[in-house]
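Listing of input.tsv, TSV, N, CA and C atoms
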chain	number	residue	atom	x	y	z
Q	1	SER	N	0.84	-1.20	0.00
Q	1	SER	CA	0.00	0.00	0.00
Q	1	SER	C	0.87	1.24	0.00
Q	2	GLY	N	2.06	1.20	0.62
Q	2	GLY	CA	2.98	2.33	0.63
Q	2	GLY	C	3.52	2.60	-0.76
Q	3	ARG	N	3.77	1.54	-1.54
Q	3	ARG	CA	4.25	1.71	-2.90
Q	3	ARG	C	3.18	2.30	-3.79
Q	4	CYS	N	1.94	1.85	-3.59
Q	4	CYS	CA	0.85	2.36	-4.42
Q	4	CYS	C	0.63	3.85	-4.17
Q	5	ALA	N	0.70	4.26	-2.91
Q	5	ALA	CA	0.52	5.67	-2.59
Q	5	ALA	C	1.65	6.50	-3.18
Q	6	MET	N	2.89	5.97	-3.11
Q	6	MET	CA	4.01	6.69	-3.67
Q	6	MET	C	3.89	6.76	-5.19
Q	7	ALA	N	3.43	5.69	-5.83
Q	7	ALA	CA	3.26	5.69	-7.29
Q	7	ALA	C	2.21	6.71	-7.71
Q	8	GLU	N	1.15	6.84	-6.93
Q	8	GLU	CA	0.11	7.83	-7.23
Q	8	GLU	C	0.67	9.24	-7.12
Q	9	ARG	N	1.50	9.49	-6.10
Q	9	ARG	CA	2.09	10.82	-5.95
Q	9	ARG	C	3.01	11.14	-7.12
Q	10	VAL	N	3.80	10.15	-7.54
Q	10	VAL	CA	4.75	10.38	-8.63
Q	10	VAL	C	4.01	10.64	-9.94
Q	11	ARG	N	2.91	9.94	-10.19
Q	11	ARG	CA	2.13	10.13	-11.43
Q	11	ARG	C	1.56	11.54	-11.50
Q	12	GLY	N	1.20	12.09	-10.35
Q	12	GLY	CA	0.60	13.42	-10.32
Q	12	GLY	C	1.62	14.53	-10.54
Q	13	LEU	N	2.90	14.21	-10.42
Q	13	LEU	CA	3.95	15.22	-10.59
Q	13	LEU	C	4.48	15.23	-12.02
Q	14	GLY	N	5.15	16.30	-12.35
Q	14	GLY	CA	5.80	16.36	-13.66
Q	14	GLY	C	7.07	15.52	-13.61
Q	15	SER	N	7.74	15.39	-14.75
Q	15	SER	CA	8.92	14.54	-14.87
Q	15	SER	C	10.04	15.01	-13.95
Q	16	GLY	N	10.35	16.30	-13.92
Q	16	GLY	CA	11.41	16.83	-13.07
Q	16	GLY	C	11.06	16.72	-11.61
Q	17	ALA	N	9.83	17.03	-11.28
Q	17	ALA	CA	9.39	16.95	-9.88
Q	17	ALA	C	9.39	15.50	-9.41
Q	18	ALA	N	9.02	14.57	-10.28
Q	18	ALA	CA	9.01	13.15	-9.92
Q	18	ALA	C	10.42	12.67	-9.63
Q	19	ASP	N	11.38	13.14	-10.48
Q	19	ASP	CA	12.77	12.76	-10.24
Q	19	ASP	C	13.27	13.30	-8.90
Q	20	GLN	N	12.92	14.54	-8.60
Q	20	GLN	CA	13.33	15.13	-7.32
Q	20	GLN	C	12.70	14.39	-6.15
Q	21	PHE	N	11.41	14.06	-6.30
Q	21	PHE	CA	10.72	13.35	-5.23
Q	21	PHE	C	11.36	11.98	-5.00
Q	22	LEU	N	11.62	11.25	-6.08
Q	22	LEU	CA	12.22	9.92	-5.96
Q	22	LEU	C	13.64	10.02	-5.40
Q	23	ASP	N	14.39	11.04	-5.80
Q	23	ASP	CA	15.74	11.24	-5.28
Q	23	ASP	C	15.70	11.53	-3.78
Q	24	ALA	N	14.78	12.39	-3.35
Q	24	ALA	CA	14.65	12.70	-1.93
Q	24	ALA	C	14.23	11.45	-1.15
Q	25	GLU	N	13.30	10.68	-1.72
Q	25	GLU	CA	12.84	9.45	-1.06
Q	25	GLU	C	13.99	8.45	-0.95
Q	26	ASN	N	14.80	8.32	-2.00
Q	26	ASN	CA	15.96	7.42	-1.97
Q	26	ASN	C	16.97	7.86	-0.91
Q	27	LYS	N	17.22	9.17	-0.81
Q	27	LYS	CA	18.15	9.67	0.20
Q	27	LYS	C	17.64	9.38	1.61
Q	28	ARG	N	16.34	9.58	1.82
Q	28	ARG	CA	15.75	9.32	3.14
Q	28	ARG	C	15.88	7.84	3.50
Q	29	MET	N	15.57	6.98	2.54
Q	29	MET	CA	15.66	5.54	2.80
Q	29	MET	C	17.12	5.10	3.00
Q	30	ALA	N	18.05	5.72	2.26
Q	30	ALA	CA	19.47	5.39	2.43
Q	30	ALA	C	19.96	5.80	3.81
Q	31	GLU	N	19.53	6.96	4.29
Q	31	GLU	CA	19.91	7.40	5.63
Q	31	GLU	C	19.33	6.48	6.70
Q	32	ASN	N	18.08	6.06	6.49
Q	32	ASN	CA	17.43	5.14	7.41
Q	32	ASN	C	18.20	3.82	7.45
Q	33	LEU	N	18.57	3.31	6.27
Q	33	LEU	CA	19.33	2.07	6.19
Q	33	LEU	C	20.71	2.23	6.84
Q	34	SER	N	21.34	3.37	6.62
Q	34	SER	CA	22.65	3.63	7.20
Q	34	SER	C	22.59	3.62	8.72
Q	35	SER	N	21.56	4.22	9.29
Q	35	SER	CA	21.44	4.23	10.76
Q	35	SER	C	21.21	2.82	11.29
Q	36	LYS	N	20.44	2.01	10.55
Q	36	LYS	CA	20.21	0.62	10.99
Q	36	LYS	C	21.51	-0.19	10.91
Q	37	VAL	N	22.29	0.02	9.86
Q	37	VAL	CA	23.57	-0.68	9.72
Q	37	VAL	C	24.51	-0.27	10.85
Q	38	THR	N	24.52	1.01	11.20
Q	38	THR	CA	25.38	1.49	12.29
Q	38	THR	C	24.98	0.84	13.60
Q	39	ARG	N	23.66	0.74	13.86
Q	39	ARG	CA	23.20	0.08	15.09
Q	39	ARG	C	23.60	-1.39	15.11
Q	40	LEU	N	23.45	-2.08	13.96
Q	40	LEU	CA	23.82	-3.49	13.90
Q	40	LEU	C	25.32	-3.68	14.12
Q	41	LYS	N	26.12	-2.77	13.58
Q	41	LYS	CA	27.57	-2.85	13.77
Q	41	LYS	C	27.91	-2.67	15.25
Q	42	SER	N	27.25	-1.74	15.91
Q	42	SER	CA	27.49	-1.51	17.33
Q	42	SER	C	27.11	-2.75	18.14
Q	43	ILE	N	25.98	-3.36	17.81
Q	43	ILE	CA	25.55	-4.57	18.51
Q	43	ILE	C	26.55	-5.71	18.28
Q	44	ALA	N	27.03	-5.85	17.04
Q	44	ALA	CA	28.00	-6.90	16.73
Q	44	ALA	C	29.29	-6.70	17.51
Q	45	LEU	N	29.75	-5.45	17.64
Q	45	LEU	CA	30.96	-5.18	18.41
Q	45	LEU	C	30.75	-5.47	19.90
Q	46	ASP	N	29.55	-5.14	20.42
Q	46	ASP	CA	29.25	-5.46	21.81
Q	46	ASP	C	29.25	-6.97	22.05
Q	47	ILE	N	28.67	-7.71	21.11
Q	47	ILE	CA	28.65	-9.18	21.22
Q	47	ILE	C	30.07	-9.72	21.20
Q	48	ASP	N	30.91	-9.18	20.32
Q	48	ASP	CA	32.30	-9.62	20.23
Q	48	ASP	C	33.03	-9.37	21.55
Q	49	GLN	N	32.84	-8.20	22.13
Q	49	GLN	CA	33.50	-7.87	23.40
Q	49	GLN	C	33.01	-8.78	24.52
Q	50	GLU	N	31.70	-9.02	24.56
Q	50	GLU	CA	31.13	-9.89	25.60
Q	50	GLU	C	31.66	-11.31	25.45
Q	51	THR	N	31.78	-11.78	24.21
Q	51	THR	CA	32.31	-13.12	23.97
Q	51	THR	C	33.75	-13.23	24.44
Q	52	ALA	N	34.55	-12.22	24.14
Q	52	ALA	CA	35.96	-12.23	24.59
Q	52	ALA	C	36.03	-12.24	26.12
Q	53	ASP	N	35.19	-11.45	26.78
Q	53	ASP	CA	35.17	-11.43	28.25
Q	53	ASP	C	34.79	-12.79	28.82
Q	54	GLN	N	33.76	-13.41	28.24
Q	54	GLN	CA	33.31	-14.72	28.71
Q	54	GLN	C	34.39	-15.78	28.50
Q	55	ASN	N	35.09	-15.71	27.38
Q	55	ASN	CA	36.17	-16.68	27.12
Q	55	ASN	C	37.30	-16.53	28.13
Q	56	ARG	N	37.66	-15.29	28.48
Q	56	ARG	CA	38.69	-15.06	29.50
Q	56	ARG	C	38.23	-15.62	30.85
Q	57	TYR	N	36.97	-15.40	31.17
Q	57	TYR	CA	36.42	-15.90	32.43
Q	57	TYR	C	36.47	-17.43	32.47
Q	58	LEU	N	36.06	-18.07	31.37
Q	58	LEU	CA	36.07	-19.54	31.32
Q	58	LEU	C	37.49	-20.10	31.37
Q	59	ASP	N	38.44	-19.42	30.72
Q	59	ASP	CA	39.84	-19.87	30.79
Q	59	ASP	C	40.35	-19.80	32.22
Q	60	GLY	N	39.97	-18.76	32.94
Q	60	GLY	CA	40.36	-18.64	34.35
Q	60	GLY	C	39.75	-19.75	35.19
Q	61	MET	N	38.50	-20.07	34.93
Q	61	MET	CA	37.85	-21.16	35.67
Q	61	MET	C	38.53	-22.49	35.37
Q	62	ASP	N	38.92	-22.69	34.12
Q	62	ASP	CA	39.58	-23.94	33.72
Q	62	ASP	C	40.88	-24.12	34.50
Q	63	SER	N	41.68	-23.06	34.59
Q	63	SER	CA	42.94	-23.19	35.33
Q	63	SER	C	42.68	-23.39	36.82
Q	64	ASP	N	41.62	-22.77	37.36
Q	64	ASP	CA	41.28	-22.99	38.78
Q	64	ASP	C	40.89	-24.44	39.03
Q	65	PHE	N	40.09	-25.00	38.11
Q	65	PHE	CA	39.68	-26.40	38.28
Q	65	PHE	C	40.87	-27.34	38.15
Q	66	LEU	N	41.79	-27.02	37.25
Q	66	LEU	CA	42.97	-27.87	37.09
Q	66	LEU	C	43.83	-27.85	38.36
Q	67	SER	N	44.00	-26.68	38.96
Q	67	SER	CA	44.80	-26.62	40.18
Q	67	SER	C	44.09	-27.33	41.33
Q	68	ALA	N	42.78	-27.20	41.41
Q	68	ALA	CA	42.03	-27.89	42.47
Q	68	ALA	C	42.10	-29.41	42.26
Q	69	THR	N	42.04	-29.85	41.00
Q	69	THR	CA	42.13	-31.28	40.71
Q	69	THR	C	43.50	-31.82	41.12
Q	70	GLY	N	44.55	-31.07	40.82
Q	70	GLY	CA	45.89	-31.49	41.23
Q	70	GLY	C	46.03	-31.57	42.73
Q	71	LEU	N	45.47	-30.60	43.44
Q	71	LEU	CA	45.53	-30.60	44.89
Q	71	LEU	C	44.78	-31.80	45.47
Q	72	LEU	N	43.59	-32.06	44.96
Q	72	LEU	CA	42.81	-33.19	45.47
Q	72	LEU	C	43.47	-34.52	45.14
Q	73	THR	N	44.05	-34.63	43.95
Q	73	THR	CA	44.72	-35.87	43.57
Q	73	THR	C	45.88	-36.16	44.51
Q	74	GLY	N	46.67	-35.14	44.82
Q	74	GLY	CA	47.78	-35.32	45.76
Q	74	GLY	C	47.31	-35.71	47.13
Q	75	SER	N	46.21	-35.10	47.59
Q	75	SER	CA	45.68	-35.43	48.91
Q	75	SER	C	45.18	-36.87	48.96
Q	76	VAL	N	44.51	-37.30	47.92
Q	76	VAL	CA	44.00	-38.68	47.87
Q	76	VAL	C	45.16	-39.67	47.86
Q	77	LYS	N	46.21	-39.37	47.13
Q	77	LYS	CA	47.38	-40.27	47.10
Q	77	LYS	C	48.01	-40.38	48.48
Q	78	ARG	N	48.17	-39.24	49.18
Q	78	ARG	CA	48.76	-39.28	50.52
Q	78	ARG	C	47.85	-40.04	51.49
Q	79	PHE	N	46.55	-39.82	51.39
Q	79	PHE	CA	45.60	-40.51	52.25
Q	79	PHE	C	45.63	-42.01	51.99
Q	80	SER	N	45.66	-42.40	50.72
Q	80	SER	CA	45.72	-43.82	50.37
Q	80	SER	C	47.00	-44.45	50.90
Q	81	GLY	N	48.11	-43.72	50.82
Q	81	GLY	CA	49.38	-44.23	51.36
Q	81	GLY	C	49.31	-44.44	52.85
Q	82	MET	N	48.65	-43.51	53.56
Q	82	MET	CA	48.51	-43.67	55.01
Q	82	MET	C	47.67	-44.89	55.34
Q	83	VAL	N	46.59	-45.11	54.58
Q	83	VAL	CA	45.71	-46.24	54.87
Q	83	VAL	C	46.43	-47.55	54.62
Q	84	ARG	N	47.25	-47.62	53.56
Q	84	ARG	CA	47.96	-48.85	53.22
Q	84	ARG	C	49.14	-49.14	54.15
Q	85	SER	N	49.61	-48.15	54.87
Q	85	SER	CA	50.79	-48.35	55.72
Q	85	SER	C	50.41	-49.09	57.01
Q	86	GLY	N	51.34	-49.16	57.94
Q	86	GLY	CA	51.21	-49.98	59.15
Q	86	GLY	C	50.07	-49.64	60.08
Q	87	ARG	N	49.97	-50.45	61.14
Q	87	ARG	CA	48.90	-50.37	62.11
Q	87	ARG	C	48.90	-49.05	62.88
Q	88	ASP	N	50.05	-48.52	63.21
Q	88	ASP	CA	50.13	-47.26	63.97
Q	88	ASP	C	49.49	-46.11	63.19
Q	89	ASN	N	49.73	-46.08	61.89
Q	89	ASN	CA	49.14	-45.02	61.07
Q	89	ASN	C	47.62	-45.15	61.00
Q	90	ARG	N	47.11	-46.39	61.03
Q	90	ARG	CA	45.65	-46.59	61.00
Q	90	ARG	C	45.02	-46.03	62.27
Q	91	LYS	N	45.68	-46.25	63.39
Q	91	LYS	CA	45.17	-45.73	64.66
Q	91	LYS	C	45.16	-44.20	64.62
Q	92	LEU	N	46.24	-43.61	64.13
Q	92	LEU	CA	46.33	-42.16	63.99
Q	92	LEU	C	45.26	-41.64	63.04
Q	93	LEU	N	45.05	-42.36	61.95
Q	93	LEU	CA	44.03	-41.97	60.96
Q	93	LEU	C	42.64	-41.98	61.58
Q	94	CYS	N	42.35	-42.97	62.41
Q	94	CYS	CA	41.04	-43.01	63.07
Q	94	CYS	C	40.86	-41.82	64.00
Q	95	TYR	N	41.91	-41.48	64.77
Q	95	TYR	CA	41.82	-40.32	65.66
Q	95	TYR	C	41.62	-39.02	64.87
Q	96	ILE	N	42.35	-38.87	63.79
Q	96	ILE	CA	42.21	-37.67	62.96
Q	96	ILE	C	40.80	-37.59	62.37
Q	97	SER	N	40.29	-38.71	61.86
Q	97	SER	CA	38.94	-38.72	61.28
Q	97	SER	C	37.89	-38.38	62.33
Q	98	LEU	N	38.01	-38.97	63.49
Q	98	LEU	CA	37.07	-38.70	64.57
Q	98	LEU	C	37.14	-37.23	64.98
Q	99	GLY	N	38.36	-36.69	65.07
Q	99	GLY	CA	38.53	-35.29	65.42
Q	99	GLY	C	37.89	-34.36	64.39
Q	100	LEU	N	38.05	-34.67	63.11
Q	100	LEU	CA	37.45	-33.84	62.06
Q	100	LEU	C	35.92	-33.88	62.11
Q	101	VAL	N	35.37	-35.06	62.37
Q	101	VAL	CA	33.90	-35.18	62.47
Q	101	VAL	C	33.40	-34.36	63.66
Q	102	LEU	N	34.09	-34.46	64.79
Q	102	LEU	CA	33.69	-33.68	65.96
Q	102	LEU	C	33.83	-32.18	65.69
Q	103	LEU	N	34.90	-31.78	65.03
Q	103	LEU	CA	35.09	-30.37	64.69
Q	103	LEU	C	33.96	-29.88	63.79
Q	104	PHE	N	33.54	-30.70	62.85
Q	104	PHE	CA	32.45	-30.33	61.97
Q	104	PHE	C	31.16	-30.10	62.77
Q	105	PHE	N	30.84	-31.01	63.67
Q	105	PHE	CA	29.61	-30.86	64.44
Q	105	PHE	C	29.67	-29.65	65.39
Q	106	ILE	N	30.83	-29.39	65.97
Q	106	ILE	CA	30.97	-28.22	66.84
Q	106	ILE	C	30.78	-26.93	66.04
Q	107	LEU	N	31.42	-26.84	64.88
Q	107	LEU	CA	31.25	-25.66	64.03
Q	107	LEU	C	29.80	-25.50	63.58
Q	108	TYR	N	29.17	-26.60	63.23
Q	108	TYR	CA	27.76	-26.56	62.81
Q	108	TYR	C	26.89	-26.03	63.95
Q	109	TYR	N	27.12	-26.54	65.15
Q	109	TYR	CA	26.36	-26.10	66.32
Q	109	TYR	C	26.56	-24.62	66.58
Q	110	LEU	N	27.82	-24.17	66.52
Q	110	LEU	CA	28.11	-22.76	66.79
Q	110	LEU	C	27.49	-21.85	65.72
Q	111	LEU	N	27.57	-22.26	64.50
Q	111	LEU	CA	27.01	-21.43	63.41
Q	111	LEU	C	25.48	-21.35	63.48
Q	112	THR	N	24.84	-22.45	63.83
Q	112	THR	CA	23.37	-22.39	63.95
Q	112	THR	C	22.96	-21.56	65.15
Q	113	ARG	N	23.75	-21.58	66.22
Q	113	ARG	CA	23.43	-20.74	67.39
Q	113	ARG	C	23.60	-19.25	67.10
Q	114	MET	N	24.57	-18.92	66.24
Q	114	MET	CA	24.81	-17.51	65.89
Q	114	MET	C	23.67	-16.95	65.04
Q	115	HIS	N	23.07	-17.77	64.21
Q	115	HIS	CA	22.01	-17.28	63.30
Q	115	HIS	C	20.64	-17.19	64.00
Q	116	THR	N	20.50	-17.84	65.15
Q	116	THR	CA	19.20	-17.79	65.84
Q	116	THR	C	19.20	-16.84	67.00
This entry written out as structure tokens:
Amino acid sequence: SGRCAMAERVRGLGSGAADQFLDAENKRMAENLSSKVTRLKSIALDIDQETADQNRYLDGMDSDFLSATGLLTGSVKRFSGMVRSGRDNRKLLCYISLGLVLLFFILYYLLTRMHT
């Protein structure tokens, strides 16, 4: 319907006036298109920056997980070595385990008392 209305306007004008009208309409539409392209370019640059930021964040998380995995692997190896060793170490291991469980319950009790 927009084309039909524009065609009717152009038919009512003379040849020179029609050319001027079409030229002005083309310039207006070109400016409109240019502003849309500029907005799309800005959005694309924002997406690129956000993607780079997210990749840096994920790379940092990856190295953190690798260091935590190495730490846990070493701890498990030392713990397994203690369990496989002699009877005296088993007795010590039981005392340490019992102490850690008691420490956990004491901390839990203290923390719940602080919040109430």
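When atom N of Q:Leu40 is paired with atom C of Q:Asp53, their separation reads 21.5 Å.
Between atom C of Q:Phe79 and atom CA of Q:Leu93 there is a distance of 9.1 Å.
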Task: Straight-line distance linking atom CA of Q:Thr112 with atom CA of Q:Ser75, stated in Å to one decimal - done: 29.9 Å
